[in-house]
Amino acid sequence: MAQWATGTTGRLALQAVIDAPELELVGVRVYDPSKVGRDAGELVGGGRIGVLATDNNYELVRSRPDVVLYMASVEERAESCVTDVANLLASGIDVIATGSSFIDIHAFDPAQARLIDLACKDGEATFLGVGLFPGFWGESVAPLLSRLSYRCDRIVVRESLSYAGYPSSNLIFNVMGYGHPPDSDVPVLSDPARAGSAFTGTVRIIVKALHLDVQSIEPFREVAVTDSELHVAAGVVPAGTVGAMKLGVRADCGSFDLVVEHVTWMGADVAPKWSRSQGYEIEFGGKPTLRCNLVLGTAGEDHTEMGCMATAMHAVHAIPVVRQSPPGIMDLADTPPFVGSPHVFKQ
């Protein structure tokens, strides 16, 4: 198999692949010129393993991987990322992608979904989008919790995280919109429709799993301004600019409402009503009411890094089920259940 992109999540996935006795790494695609030609083992702080990183797409394809873990930033380069994935699939290579827009490619862009669908048919290959939020917490866990319901009229799926420790300045400032005036239209996610589009797929997959229909989906993006200058891992967030935000979608399913929201902040005092304890929640209204919480990093680890690790591992552990599935686009509503690889429990 091959790893495509070695950012925060990609590097963790690469390490997991190298460590997995049942997987063989044959290629690594990188974007940073300083990583080109370096050994994959050295990219994760280990010893040499004999696989050199490349920035040439065709060279990666020539390494003949069965599956590629694709972790380039589709949020920033949607068109080129979809083209990359389509080319891999058309070459007969299965692809597991972690970008939020890949969770339900049909919800993201029907035209690009057709491109990927045709590529799957041409190459007789399989495509699956996974992640954590979106890509696991709502899509996989909410339908499971529905087994406990007598009646349900509302589900809220929520991620609450401090982004103060996230080191990617491009994602934090250029994509998310931190450090910008609240009315700026420069950041990628300043448009509520674009911001909410990352979670439309979650809605579609949940209602598909629950055998329901969606009447309407409304995207939203709310921001809060920081009163003081904040120094965070990605840089400086000036006073008077965006220091917390809430974005997502609200779906009307008739007598049932579904809300998927992503709540983040750079300082807990920027929006104290939003900056609850970090983690993941699912709330059910009805009978019984219930709240399910997931916390990653319970021994003092950085929550953001643990989220990236969970995202990486969801993709790595999906490899066997994707390899055994028929060609075409899969999603988490029709993916067979899968578990962590056995070696995880033998270390």
# chains A, B, ... in the order shown; residues from 1 in each chain; ligands from 1

$ residues_around --residues "Asp109 in chain A" --least-positions-apart "6" --cutoff "12 Å" --atoms "only C-alpha atoms" --output "ChimeraX atom specification"
/A:78-79,82,101-103,115-116,194,197-198,200-201

$ write_last_selection --atoms "N, CA and C atoms" --output "mmCIF file, in the first residue's frame"
data_model
loop_
_atom_site.group_PDB
_atom_site.id
_atom_site.type_symbol
_atom_site.label_atom_id
_atom_site.label_comp_id
_atom_site.auth_asym_id
_atom_site.auth_seq_id
_atom_site.Cartn_x
_atom_site.Cartn_y
_atom_site.Cartn_z
ATOM 1 N N ALA A 78 -9.786 21.199 -3.708
ATOM 2 C CA ALA A 78 -10.819 20.203 -3.992
ATOM 3 C C ALA A 78 -10.671 19.594 -5.378
ATOM 4 N N GLU A 79 -10.547 20.424 -6.398
ATOM 5 C CA GLU A 79 -10.531 19.907 -7.767
ATOM 6 C C GLU A 79 -9.331 19.008 -8.023
ATOM 7 N N VAL A 82 -9.669 15.624 -6.094
ATOM 8 C CA VAL A 82 -10.606 14.702 -6.739
ATOM 9 C C VAL A 82 -9.967 14.097 -7.983
ATOM 10 N N SER A 101 -14.681 16.344 2.814
ATOM 11 C CA SER A 101 -15.528 16.347 1.624
ATOM 12 C C SER A 101 -15.627 14.979 0.973
ATOM 13 N N PHE A 102 -14.768 14.054 1.374
ATOM 14 C CA PHE A 102 -14.778 12.713 0.794
ATOM 15 C C PHE A 102 -15.682 11.739 1.570
ATOM 16 N N ILE A 103 -16.223 12.162 2.719
ATOM 17 C CA ILE A 103 -17.015 11.250 3.538
ATOM 18 C C ILE A 103 -18.247 10.786 2.777
ATOM 19 N N LEU A 115 -17.319 11.608 -11.551
ATOM 20 C CA LEU A 115 -15.943 11.366 -11.992
ATOM 21 C C LEU A 115 -15.326 10.210 -11.209
ATOM 22 N N ILE A 116 -15.514 10.198 -9.903
ATOM 23 C CA ILE A 116 -14.969 9.127 -9.079
ATOM 24 C C ILE A 116 -15.684 7.811 -9.353
ATOM 25 N N ARG A 194 -20.237 26.696 2.376
ATOM 26 C CA ARG A 194 -18.991 25.937 2.232
ATOM 27 C C ARG A 194 -18.600 25.302 3.561
ATOM 28 N N SER A 197 -20.880 22.374 4.251
ATOM 29 C CA SER A 197 -20.837 21.270 3.285
ATOM 30 C C SER A 197 -20.041 20.083 3.795
ATOM 31 N N ALA A 198 -19.084 20.341 4.685
ATOM 32 C CA ALA A 198 -18.283 19.244 5.232
ATOM 33 C C ALA A 198 -19.134 18.278 6.049
ATOM 34 N N THR A 200 -22.650 17.865 5.508
ATOM 35 C CA THR A 200 -23.822 17.390 4.781
ATOM 36 C C THR A 200 -23.744 15.886 4.564
ATOM 37 N N GLY A 201 -22.562 15.401 4.283
ATOM 38 C CA GLY A 201 -22.384 13.969 4.090
ATOM 39 C C GLY A 201 -22.727 13.178 5.338
#

$ residues_around --residues "Pro337 in chain A" --least-positions-apart "3" --cutoff "10 Å" --atoms "only C-alpha atoms" --output "PyMOL selection string"
chain A and resi 140+318+321+332-334

$ write_last_selection --atoms "N, CA and C atoms" --output "mmCIF file, in the first residue's frame"
data_model
loop_
_atom_site.group_PDB
_atom_site.id
_atom_site.type_symbol
_atom_site.label_atom_id
_atom_site.label_comp_id
_atom_site.auth_asym_id
_atom_site.auth_seq_id
_atom_site.Cartn_x
_atom_site.Cartn_y
_atom_site.Cartn_z
ATOM 1 N N SER A 140 -21.179 6.335 12.303
ATOM 2 C CA SER A 140 -21.125 4.968 12.813
ATOM 3 C C SER A 140 -21.806 4.811 14.174
ATOM 4 N N ALA A 318 -9.474 0.348 8.053
ATOM 5 C CA ALA A 318 -10.464 0.110 6.997
ATOM 6 C C ALA A 318 -9.874 -0.619 5.793
ATOM 7 N N VAL A 321 -11.387 -4.241 4.826
ATOM 8 C CA VAL A 321 -12.767 -4.268 4.341
ATOM 9 C C VAL A 321 -12.882 -3.643 2.956
ATOM 10 N N LEU A 332 -20.116 4.851 4.966
ATOM 11 C CA LEU A 332 -20.183 4.161 6.250
ATOM 12 C C LEU A 332 -21.563 3.619 6.581
ATOM 13 N N ALA A 333 -22.571 3.955 5.777
ATOM 14 C CA ALA A 333 -23.893 3.381 5.991
ATOM 15 C C ALA A 333 -23.982 1.963 5.441
ATOM 16 N N ASP A 334 -23.155 1.652 4.442
ATOM 17 C CA ASP A 334 -23.228 0.310 3.864
ATOM 18 C C ASP A 334 -21.902 -0.445 3.953
#

$ select_by_dssp --residues "range 104-138 of chain A" --states "alpha helix (DSSP H)" --output "PyMOL selection string"
chain A and resi 105-108+110-123

$ write_last_selection --atoms "C-alpha atoms" --output "JSON list (two decimals), in the first residue's frame"
[["chain", "number", "residue", "atom", "x", "y", "z"],
["A", 105, "ILE", "CA", -18.68, 12.44, -2.22],
["A", 106, "HIS", "CA", -22.22, 12.68, -3.61],
["A", 107, "ALA", "CA", -23.10, 15.35, -1.03],
["A", 108, "PHE", "CA", -19.96, 17.35, -1.82],
["A", 110, "PRO", "CA", -22.39, 15.48, -7.84],
["A", 111, "ALA", "CA", -20.18, 16.15, -10.88],
["A", 112, "GLN", "CA", -17.05, 15.12, -9.03],
["A", 113, "ALA", "CA", -18.89, 12.12, -7.60],
["A", 114, "ARG", "CA", -19.63, 11.01, -11.16],
["A", 115, "LEU", "CA", -15.94, 11.37, -11.99],
["A", 116, "ILE", "CA", -14.97, 9.13, -9.08],
["A", 117, "ASP", "CA", -17.76, 6.66, -9.86],
["A", 118, "LEU", "CA", -16.57, 6.32, -13.47],
["A", 119, "ALA", "CA", -12.98, 5.92, -12.29],
["A", 120, "CYS", "CA", -14.04, 3.09, -9.96],
["A", 121, "LYS", "CA", -15.71, 1.34, -12.88],
["A", 122, "ASP", "CA", -12.77, 1.91, -15.25],
["A", 123, "GLY", "CA", -10.20, 0.60, -12.79]]

$ residues_around --residues "Trp265 in chain A" --least-positions-apart "2" --cutoff "6 Å" --atoms "only C-alpha atoms" --output "PyMOL selection string"
chain A and resi 162-163+243-244+267

$ write_last_selection --atoms "N, CA and C atoms" --output "PDB file, in the first residue's frame"
ATOM      1  N   SER A 162     -10.545  22.636  21.448  1.00  0.00           N
ATOM      2  CA  SER A 162      -9.666  23.792  21.393  1.00  0.00           C
ATOM      3  C   SER A 162      -8.689  23.587  20.247  1.00  0.00           C
ATOM      4  N   TYR A 163      -8.563  24.603  19.386  1.00  0.00           N
ATOM      5  CA  TYR A 163      -7.598  24.532  18.292  1.00  0.00           C
ATOM      6  C   TYR A 163      -6.302  25.272  18.629  1.00  0.00           C
ATOM      7  N   GLY A 243     -12.069  34.352  17.384  1.00  0.00           N
ATOM      8  CA  GLY A 243     -11.352  33.513  18.342  1.00  0.00           C
ATOM      9  C   GLY A 243     -12.095  32.254  18.721  1.00  0.00           C
ATOM     10  N   ALA A 244     -13.330  32.106  18.216  1.00  0.00           N
ATOM     11  CA  ALA A 244     -14.110  30.883  18.442  1.00  0.00           C
ATOM     12  C   ALA A 244     -15.151  30.802  17.343  1.00  0.00           C
ATOM     13  N   GLY A 267      -9.366  30.183  22.815  1.00  0.00           N
ATOM     14  CA  GLY A 267      -9.259  30.464  24.240  1.00  0.00           C
ATOM     15  C   GLY A 267     -10.607  30.205  24.880  1.00  0.00           C
TER      16      GLY A 267
END

$ closest_residue --among "A:Thr126, A:Thr8, A:Asn56, A:Ser63" --to "Tyr31 in chain A" --atoms "only C-alpha atoms"
A:Asn56

$ closest_residue --among "A:Val51, A:Ala312, A:Val260, A:Met330" --to "Gly196 in chain A" --atoms "only C-alpha atoms"
A:Val260

$ closest_residue --among "A:Leu258, A:Ala268, A:Leu161, A:Ile96" --to "His303 in chain A" --atoms "only C-alpha atoms"
A:Leu161

$ atom_distance --atom1 "CA of Val316 in chain A" --atom2 "CA of Thr54 in chain A"
20.8 Å

$ closest_residue --among "A:Ala90, A:Met71, A:Ile282, A:Ile205" --to "Val30 in chain A" --atoms "only C-alpha atoms"
A:Met71

$ closest_residue --among "A:Arg276, A:Lys208, A:Arg147, A:His180" --to "Asp104 in chain A" --atoms "only C-alpha atoms"
A:Lys208

$ closest_residue --among "A:Pro187, A:Pro21, A:Gly10, A:Gly328" --to "Val344 in chain A" --atoms "only C-alpha atoms"
A:Pro21

$ decode --residues "range 191-321 of chain A" --atoms "C-alpha atoms" --output "mmCIF file, in the first residue's frame"
data_model
loop_
_atom_site.group_PDB
_atom_site.id
_atom_site.type_symbol
_atom_site.label_atom_id
_atom_site.label_comp_id
_atom_site.auth_asym_id
_atom_site.auth_seq_id
_atom_site.Cartn_x
_atom_site.Cartn_y
_atom_site.Cartn_z
ATOM 1 C CA ASP A 191 -19.157 31.035 3.517
ATOM 2 C CA PRO A 192 -21.689 29.125 5.681
ATOM 3 C CA ALA A 193 -22.633 26.930 2.729
ATOM 4 C CA ARG A 194 -18.991 25.937 2.232
ATOM 5 C CA ALA A 195 -18.450 25.523 5.970
ATOM 6 C CA GLY A 196 -21.531 23.373 6.355
ATOM 7 C CA SER A 197 -20.837 21.270 3.285
ATOM 8 C CA ALA A 198 -18.283 19.244 5.232
ATOM 9 C CA PHE A 199 -21.131 17.909 7.399
ATOM 10 C CA THR A 200 -23.822 17.390 4.781
ATOM 11 C CA GLY A 201 -22.384 13.969 4.090
ATOM 12 C CA THR A 202 -22.723 13.053 7.767
ATOM 13 C CA VAL A 203 -26.425 13.911 7.630
ATOM 14 C CA ARG A 204 -26.943 11.888 4.465
ATOM 15 C CA ILE A 205 -25.144 8.832 5.819
ATOM 16 C CA ILE A 206 -26.982 8.906 9.172
ATOM 17 C CA VAL A 207 -30.436 9.213 7.589
ATOM 18 C CA LYS A 208 -29.525 6.532 5.056
ATOM 19 C CA ALA A 209 -28.575 4.183 7.879
ATOM 20 C CA LEU A 210 -31.814 5.046 9.718
ATOM 21 C CA HIS A 211 -33.951 4.639 6.559
ATOM 22 C CA LEU A 212 -35.243 8.216 6.765
ATOM 23 C CA ASP A 213 -35.607 11.087 4.300
ATOM 24 C CA VAL A 214 -34.237 14.634 4.447
ATOM 25 C CA GLN A 215 -36.628 17.481 3.606
ATOM 26 C CA SER A 216 -34.093 20.312 3.921
ATOM 27 C CA ILE A 217 -30.554 21.017 5.140
ATOM 28 C CA GLU A 218 -29.541 24.463 6.431
ATOM 29 C CA PRO A 219 -25.824 25.278 6.857
ATOM 30 C CA PHE A 220 -24.651 27.692 9.540
ATOM 31 C CA ARG A 221 -21.479 29.411 10.742
ATOM 32 C CA GLU A 222 -21.373 31.471 13.937
ATOM 33 C CA VAL A 223 -18.253 33.246 15.226
ATOM 34 C CA ALA A 224 -17.129 34.966 18.429
ATOM 35 C CA VAL A 225 -14.434 37.643 18.698
ATOM 36 C CA THR A 226 -11.556 37.559 21.154
ATOM 37 C CA ASP A 227 -11.019 40.645 23.317
ATOM 38 C CA SER A 228 -7.315 39.942 23.781
ATOM 39 C CA GLU A 229 -4.421 38.821 21.600
ATOM 40 C CA LEU A 230 -3.997 35.047 21.667
ATOM 41 C CA HIS A 231 -0.703 33.250 21.076
ATOM 42 C CA VAL A 232 -1.417 29.735 19.805
ATOM 43 C CA ALA A 233 0.519 26.966 18.060
ATOM 44 C CA ALA A 234 -0.400 28.235 14.576
ATOM 45 C CA GLY A 235 0.571 31.858 15.286
ATOM 46 C CA VAL A 236 -1.074 34.961 16.714
ATOM 47 C CA VAL A 237 -4.804 35.666 16.818
ATOM 48 C CA PRO A 238 -5.132 39.469 17.173
ATOM 49 C CA ALA A 239 -7.658 41.065 19.498
ATOM 50 C CA GLY A 240 -10.888 41.957 17.717
ATOM 51 C CA THR A 241 -10.721 38.959 15.360
ATOM 52 C CA VAL A 242 -12.382 35.553 15.298
ATOM 53 C CA GLY A 243 -11.352 33.513 18.342
ATOM 54 C CA ALA A 244 -14.110 30.883 18.442
ATOM 55 C CA MET A 245 -16.592 29.458 15.972
ATOM 56 C CA LYS A 246 -19.452 27.057 15.569
ATOM 57 C CA LEU A 247 -20.295 25.643 12.164
ATOM 58 C CA GLY A 248 -22.373 22.808 10.811
ATOM 59 C CA VAL A 249 -25.794 21.920 9.425
ATOM 60 C CA ARG A 250 -29.372 21.536 10.652
ATOM 61 C CA ALA A 251 -31.493 18.981 8.821
ATOM 62 C CA ASP A 252 -35.277 18.751 8.790
ATOM 63 C CA CYS A 253 -36.396 15.150 8.425
ATOM 64 C CA GLY A 254 -40.095 15.763 9.062
ATOM 65 C CA SER A 255 -40.873 14.801 12.653
ATOM 66 C CA PHE A 256 -37.166 14.280 13.302
ATOM 67 C CA ASP A 257 -34.376 16.908 13.430
ATOM 68 C CA LEU A 258 -30.674 16.248 13.017
ATOM 69 C CA VAL A 259 -27.953 18.754 13.922
ATOM 70 C CA VAL A 260 -24.268 18.238 13.208
ATOM 71 C CA GLU A 261 -21.994 20.934 14.640
ATOM 72 C CA HIS A 262 -18.288 21.569 15.010
ATOM 73 C CA VAL A 263 -17.420 23.883 17.917
ATOM 74 C CA THR A 264 -13.854 25.189 18.247
ATOM 75 C CA TRP A 265 -12.042 27.944 20.100
ATOM 76 C CA MET A 266 -8.606 29.458 20.637
ATOM 77 C CA GLY A 267 -9.259 30.464 24.240
ATOM 78 C CA ALA A 268 -11.891 29.115 26.619
ATOM 79 C CA ASP A 269 -12.907 32.629 27.668
ATOM 80 C CA VAL A 270 -13.700 33.759 24.101
ATOM 81 C CA ALA A 271 -17.063 31.986 24.025
ATOM 82 C CA PRO A 272 -17.499 30.287 27.407
ATOM 83 C CA LYS A 273 -20.946 28.913 26.527
ATOM 84 C CA TRP A 274 -19.383 27.111 23.549
ATOM 85 C CA SER A 275 -16.057 26.066 25.056
ATOM 86 C CA ARG A 276 -17.326 23.124 27.041
ATOM 87 C CA SER A 277 -15.062 20.218 27.873
ATOM 88 C CA GLN A 278 -13.252 18.929 24.813
ATOM 89 C CA GLY A 279 -14.556 15.833 23.108
ATOM 90 C CA TYR A 280 -17.431 14.388 21.135
ATOM 91 C CA GLU A 281 -21.104 14.196 22.049
ATOM 92 C CA ILE A 282 -24.243 12.642 20.656
ATOM 93 C CA GLU A 283 -27.532 13.698 22.217
ATOM 94 C CA PHE A 284 -30.886 12.006 21.617
ATOM 95 C CA GLY A 285 -34.190 13.714 22.351
ATOM 96 C CA GLY A 286 -37.249 11.565 22.929
ATOM 97 C CA LYS A 287 -37.559 8.418 25.041
ATOM 98 C CA PRO A 288 -35.143 7.782 26.513
ATOM 99 C CA THR A 289 -33.146 10.992 26.305
ATOM 100 C CA LEU A 290 -29.467 10.158 26.253
ATOM 101 C CA ARG A 291 -26.046 11.692 25.881
ATOM 102 C CA CYS A 292 -23.006 9.719 24.765
ATOM 103 C CA ASN A 293 -19.518 11.217 25.215
ATOM 104 C CA LEU A 294 -16.193 10.302 23.668
ATOM 105 C CA VAL A 295 -12.945 11.807 24.967
ATOM 106 C CA LEU A 296 -9.656 11.175 23.171
ATOM 107 C CA GLY A 297 -6.529 11.670 25.231
ATOM 108 C CA THR A 298 -7.572 10.817 28.775
ATOM 109 C CA ALA A 299 -4.045 10.640 30.195
ATOM 110 C CA GLY A 300 -3.019 14.229 29.522
ATOM 111 C CA GLU A 301 -2.248 13.867 25.817
ATOM 112 C CA ASP A 302 -2.983 16.673 23.339
ATOM 113 C CA HIS A 303 -6.608 16.299 22.238
ATOM 114 C CA THR A 304 -5.931 17.508 18.709
ATOM 115 C CA GLU A 305 -3.088 15.056 18.120
ATOM 116 C CA MET A 306 -5.174 12.216 19.532
ATOM 117 C CA GLY A 307 -7.984 13.180 17.139
ATOM 118 C CA CYS A 308 -5.553 13.075 14.231
ATOM 119 C CA MET A 309 -4.314 9.680 15.395
ATOM 120 C CA ALA A 310 -7.877 8.342 15.629
ATOM 121 C CA THR A 311 -8.583 9.626 12.117
ATOM 122 C CA ALA A 312 -5.431 7.972 10.799
ATOM 123 C CA MET A 313 -6.223 4.666 12.472
ATOM 124 C CA HIS A 314 -9.794 4.605 11.197
ATOM 125 C CA ALA A 315 -8.343 4.738 7.685
ATOM 126 C CA VAL A 316 -5.640 2.143 8.361
ATOM 127 C CA HIS A 317 -8.076 -0.322 9.931
ATOM 128 C CA ALA A 318 -10.464 0.110 6.997
ATOM 129 C CA ILE A 319 -7.922 -1.346 4.548
ATOM 130 C CA PRO A 320 -9.046 -5.003 4.801
ATOM 131 C CA VAL A 321 -12.767 -4.268 4.341
#
